Amino acid sequence: MKILFVHQNFPGQFLRLAPELAERGHEVIALTDERNERPSPVTTHRYRKPEPKPDRQAGRFGTTFTEMTDRAHRVARAGLALREQHGYAPDVIFGHGGWGETLFLPEVWPDARLLVYAELYYSARGLDVGFDPEFASTVPERSFNIVARQGHQALMMAQADAALSPTEFQADTFPACFREKISIIHDGVDTDLLQPDPDARVILPTGAAFSAGDEVLTFVNRNLEPYRGYHSFMRALPEVMRARPNAQVVIVGGDEVSYGPRPGGDLSWKQIFLDEVRDRIDPARVHFTGRVPYGTFVQLMKVTRVHCYLTVPFVLSWSLLEAMSAGALVVGSRTAPVEEVISDGVSGRLVDFFDTAEIAEVLIDALANPGEHAILREAARAHVVENYDLRRICLPRLIDFVEGRVQSG
């Protein structure tokens, strides 16, 4: 088969699937944003990113749809070039729907089966928006804007022959009329790479080094921001460090914003909440690393005694399942995406996203009593191996999802 992947940041969620399909004899290529510098495992073509962005004042509530269709137009023009200059006609198009890239491709290749990665459907109520009152907007137009942003998502799902979501929680954010199109298959975790190692050791970019057995508390996200509970973690930290004078805290993440509102002024969210507790923590025991290479992250998850993962009701981070696979004891937020993969007291501990006293109490207990929590670490890894293993479970299902769509068509 000829399979075309479309993702502005390819390979993204298709990192393992695309090369595996190529290995099976399919002709696999990708189409991505010209500014994407990530290495690609397959032949990759590029489209020009539309510039400038639409004028939000002029576009009003339709600005996002304009932005997405502008990108879709550039993707479609690149597709037309592939068709007309190279005679290319895919059997399957598999694209991430978040940026509108797939919207016009059925007009370029009407005979191709269209599959979409359905990551999350925006909602003005019940999910991330307004979940944390500290950052919630009381302006009615905020919810109007969220509804308007659903436009390209609804069109994407209406066009798709089939869709895929990595978790039940994420699939269930989509309207019932689309839900039957969605298969639940996670991207998969390399449980052979991410497995417990009593001899593990990690050297941080700061030069600090830790070994398995050390009293290490970790907090990891792409960026340090309220959507991922950075503020709640930092507010719990003074009590944790007071009660555990030998604990070392490693905080991984950038200073930018991936999700949610940006802070006002010149300071990052990282700096704002660090400044809030600065005089109540020991800076010599708090290690901010910025973003780290994946290999460093893997070793860190094998070393950590306790890993804290907090999130609003939103997309589940790969890092949570990877931490569980590595045998880390996870203290996670009692929010829907986390509750899908962690049972409190069975495969980890769950805490109230907002209750910094409870977060501190559970972290302190977990740091103080690693032996008592060994069974939770074992259960966490077993759960990931049984349900999210890349090679034995997820990749075969993903391959069947793609190959089966042509056969069924």
# chains A, B, ... in the order shown; residues from 1 in each chain; ligands from 1
>>> residues_around(residues="stretch 24-40 of chain A", least_positions_apart="4", cutoff="10 Å", atoms="only C-alpha atoms", output="PyMOL selection string")
chain A and resi 1-12+14-15+18-20+44-50+71+74-75+78-79+90-95+101+399+403
>>> write_last_selection(atoms="N, CA and C atoms", output="mmCIF file, in the first residue's frame")
data_model
loop_
_atom_site.group_PDB
_atom_site.id
_atom_site.type_symbol
_atom_site.label_atom_id
_atom_site.label_comp_id
_atom_site.auth_asym_id
_atom_site.auth_seq_id
_atom_site.Cartn_x
_atom_site.Cartn_y
_atom_site.Cartn_z
ATOM 1 N N MET A 1 0.833 -1.193 0.000
ATOM 2 C CA MET A 1 0.000 0.000 0.000
ATOM 3 C C MET A 1 0.873 1.250 0.000
ATOM 4 N N LYS A 2 0.301 2.335 -0.477
ATOM 5 C CA LYS A 2 0.932 3.646 -0.366
ATOM 6 C C LYS A 2 0.269 4.392 0.785
ATOM 7 N N ILE A 3 1.085 4.754 1.769
ATOM 8 C CA ILE A 3 0.562 5.368 2.991
ATOM 9 C C ILE A 3 1.219 6.729 3.182
ATOM 10 N N LEU A 4 0.397 7.752 3.329
ATOM 11 C CA LEU A 4 0.873 9.113 3.545
ATOM 12 C C LEU A 4 0.531 9.552 4.970
ATOM 13 N N PHE A 5 1.556 9.894 5.753
ATOM 14 C CA PHE A 5 1.353 10.474 7.072
ATOM 15 C C PHE A 5 1.449 11.992 6.968
ATOM 16 N N VAL A 6 0.570 12.677 7.702
ATOM 17 C CA VAL A 6 0.564 14.142 7.682
ATOM 18 C C VAL A 6 0.586 14.638 9.123
ATOM 19 N N HIS A 7 1.615 15.403 9.455
ATOM 20 C CA HIS A 7 1.773 15.901 10.827
ATOM 21 C C HIS A 7 2.747 17.071 10.786
ATOM 22 N N GLN A 8 2.315 18.216 11.294
ATOM 23 C CA GLN A 8 3.161 19.407 11.228
ATOM 24 C C GLN A 8 4.467 19.252 12.004
ATOM 25 N N ASN A 9 4.506 18.292 12.926
ATOM 26 C CA ASN A 9 5.718 18.035 13.704
ATOM 27 C C ASN A 9 6.126 16.566 13.574
ATOM 28 N N PHE A 10 5.972 16.010 12.365
ATOM 29 C CA PHE A 10 6.286 14.604 12.128
ATOM 30 C C PHE A 10 7.702 14.283 12.618
ATOM 31 N N PRO A 11 7.887 13.081 13.244
ATOM 32 C CA PRO A 11 6.959 11.950 13.286
ATOM 33 C C PRO A 11 5.884 12.024 14.371
ATOM 34 N N GLY A 12 6.056 12.859 15.410
ATOM 35 C CA GLY A 12 5.022 12.985 16.430
ATOM 36 C C GLY A 12 4.552 11.640 16.938
ATOM 37 N N PHE A 14 3.489 9.264 15.320
ATOM 38 C CA PHE A 14 3.733 8.203 14.352
ATOM 39 C C PHE A 14 5.185 7.721 14.349
ATOM 40 N N LEU A 15 5.914 8.052 15.386
ATOM 41 C CA LEU A 15 7.343 7.747 15.450
ATOM 42 C C LEU A 15 7.656 6.280 15.230
ATOM 43 N N ALA A 18 5.143 4.610 11.590
ATOM 44 C CA ALA A 18 5.532 4.863 10.200
ATOM 45 C C ALA A 18 6.672 3.951 9.734
ATOM 46 N N PRO A 19 7.793 3.872 10.468
ATOM 47 C CA PRO A 19 8.868 2.982 9.998
ATOM 48 C C PRO A 19 8.500 1.507 10.040
ATOM 49 N N GLU A 20 7.624 1.128 10.979
ATOM 50 C CA GLU A 20 7.211 -0.271 11.053
ATOM 51 C C GLU A 20 6.391 -0.656 9.820
ATOM 52 N N THR A 44 10.377 12.201 3.518
ATOM 53 C CA THR A 44 9.503 13.281 3.987
ATOM 54 C C THR A 44 9.488 14.442 3.005
ATOM 55 N N HIS A 45 8.295 14.926 2.700
ATOM 56 C CA HIS A 45 8.101 16.123 1.893
ATOM 57 C C HIS A 45 7.578 17.233 2.805
ATOM 58 N N ARG A 46 7.721 18.460 2.356
ATOM 59 C CA ARG A 46 7.378 19.592 3.228
ATOM 60 C C ARG A 46 6.424 20.566 2.539
ATOM 61 N N TYR A 47 5.608 21.188 3.360
ATOM 62 C CA TYR A 47 4.733 22.242 2.851
ATOM 63 C C TYR A 47 5.105 23.562 3.515
ATOM 64 N N ARG A 48 4.804 24.628 2.853
ATOM 65 C CA ARG A 48 5.131 25.952 3.386
ATOM 66 C C ARG A 48 4.110 26.348 4.440
ATOM 67 N N LYS A 49 4.610 26.778 5.582
ATOM 68 C CA LYS A 49 3.719 27.232 6.640
ATOM 69 C C LYS A 49 3.119 28.583 6.238
ATOM 70 N N PRO A 50 1.807 28.729 6.371
ATOM 71 C CA PRO A 50 1.197 30.009 5.970
ATOM 72 C C PRO A 50 1.624 31.163 6.866
ATOM 73 N N ARG A 71 -3.593 26.568 6.755
ATOM 74 C CA ARG A 71 -2.606 25.486 6.789
ATOM 75 C C ARG A 71 -3.067 24.340 5.884
ATOM 76 N N ARG A 74 -2.132 24.991 2.335
ATOM 77 C CA ARG A 74 -0.716 24.746 2.020
ATOM 78 C C ARG A 74 -0.441 23.246 1.898
ATOM 79 N N VAL A 75 -1.051 22.467 2.773
ATOM 80 C CA VAL A 75 -0.884 21.014 2.708
ATOM 81 C C VAL A 75 -1.461 20.485 1.398
ATOM 82 N N ALA A 78 0.760 21.186 -1.527
ATOM 83 C CA ALA A 78 1.883 20.243 -1.551
ATOM 84 C C ALA A 78 1.414 18.883 -2.060
ATOM 85 N N GLY A 79 0.194 18.490 -1.661
ATOM 86 C CA GLY A 79 -0.374 17.238 -2.141
ATOM 87 C C GLY A 79 -0.607 17.260 -3.639
ATOM 88 N N PRO A 90 -1.948 8.105 -2.739
ATOM 89 C CA PRO A 90 -1.922 7.194 -1.588
ATOM 90 C C PRO A 90 -3.195 6.365 -1.481
ATOM 91 N N ASP A 91 -3.047 5.181 -0.913
ATOM 92 C CA ASP A 91 -4.214 4.369 -0.564
ATOM 93 C C ASP A 91 -4.796 4.819 0.759
ATOM 94 N N VAL A 92 -3.903 5.260 1.669
ATOM 95 C CA VAL A 92 -4.309 5.685 3.007
ATOM 96 C C VAL A 92 -3.621 7.002 3.341
ATOM 97 N N ILE A 93 -4.382 7.914 3.890
ATOM 98 C CA ILE A 93 -3.835 9.147 4.473
ATOM 99 C C ILE A 93 -4.112 9.082 5.965
ATOM 100 N N PHE A 94 -3.075 9.245 6.768
ATOM 101 C CA PHE A 94 -3.236 9.224 8.226
ATOM 102 C C PHE A 94 -2.648 10.522 8.760
ATOM 103 N N GLY A 95 -3.506 11.396 9.246
ATOM 104 C CA GLY A 95 -3.050 12.706 9.703
ATOM 105 C C GLY A 95 -3.532 13.039 11.094
ATOM 106 N N GLU A 101 -4.690 20.025 9.029
ATOM 107 C CA GLU A 101 -3.905 19.641 7.858
ATOM 108 C C GLU A 101 -4.646 18.726 6.876
ATOM 109 N N ILE A 399 -0.893 -1.264 13.499
ATOM 110 C CA ILE A 399 -0.708 -1.766 12.136
ATOM 111 C C ILE A 399 -2.026 -2.292 11.578
ATOM 112 N N GLU A 403 -3.774 -1.030 8.157
ATOM 113 C CA GLU A 403 -3.913 -1.990 7.057
ATOM 114 C C GLU A 403 -5.360 -2.424 6.866
#
>>> select_by_dssp(residues="stretch 233-364 of chain A", states="strand (DSSP E)", output="number ranges by chain")
A: 248-254, 286-290, 306-309, 329-333, 349-351
>>> closest_residue(among="A:Arg391, A:His152, A:Arg280, A:Arg113", to="A:His186", atoms="only C-alpha atoms")
A:Arg391
>>> atom_distance(atom1="atom CA of A:Gly188", atom2="atom CA of A:Asp344")
22.5 Å
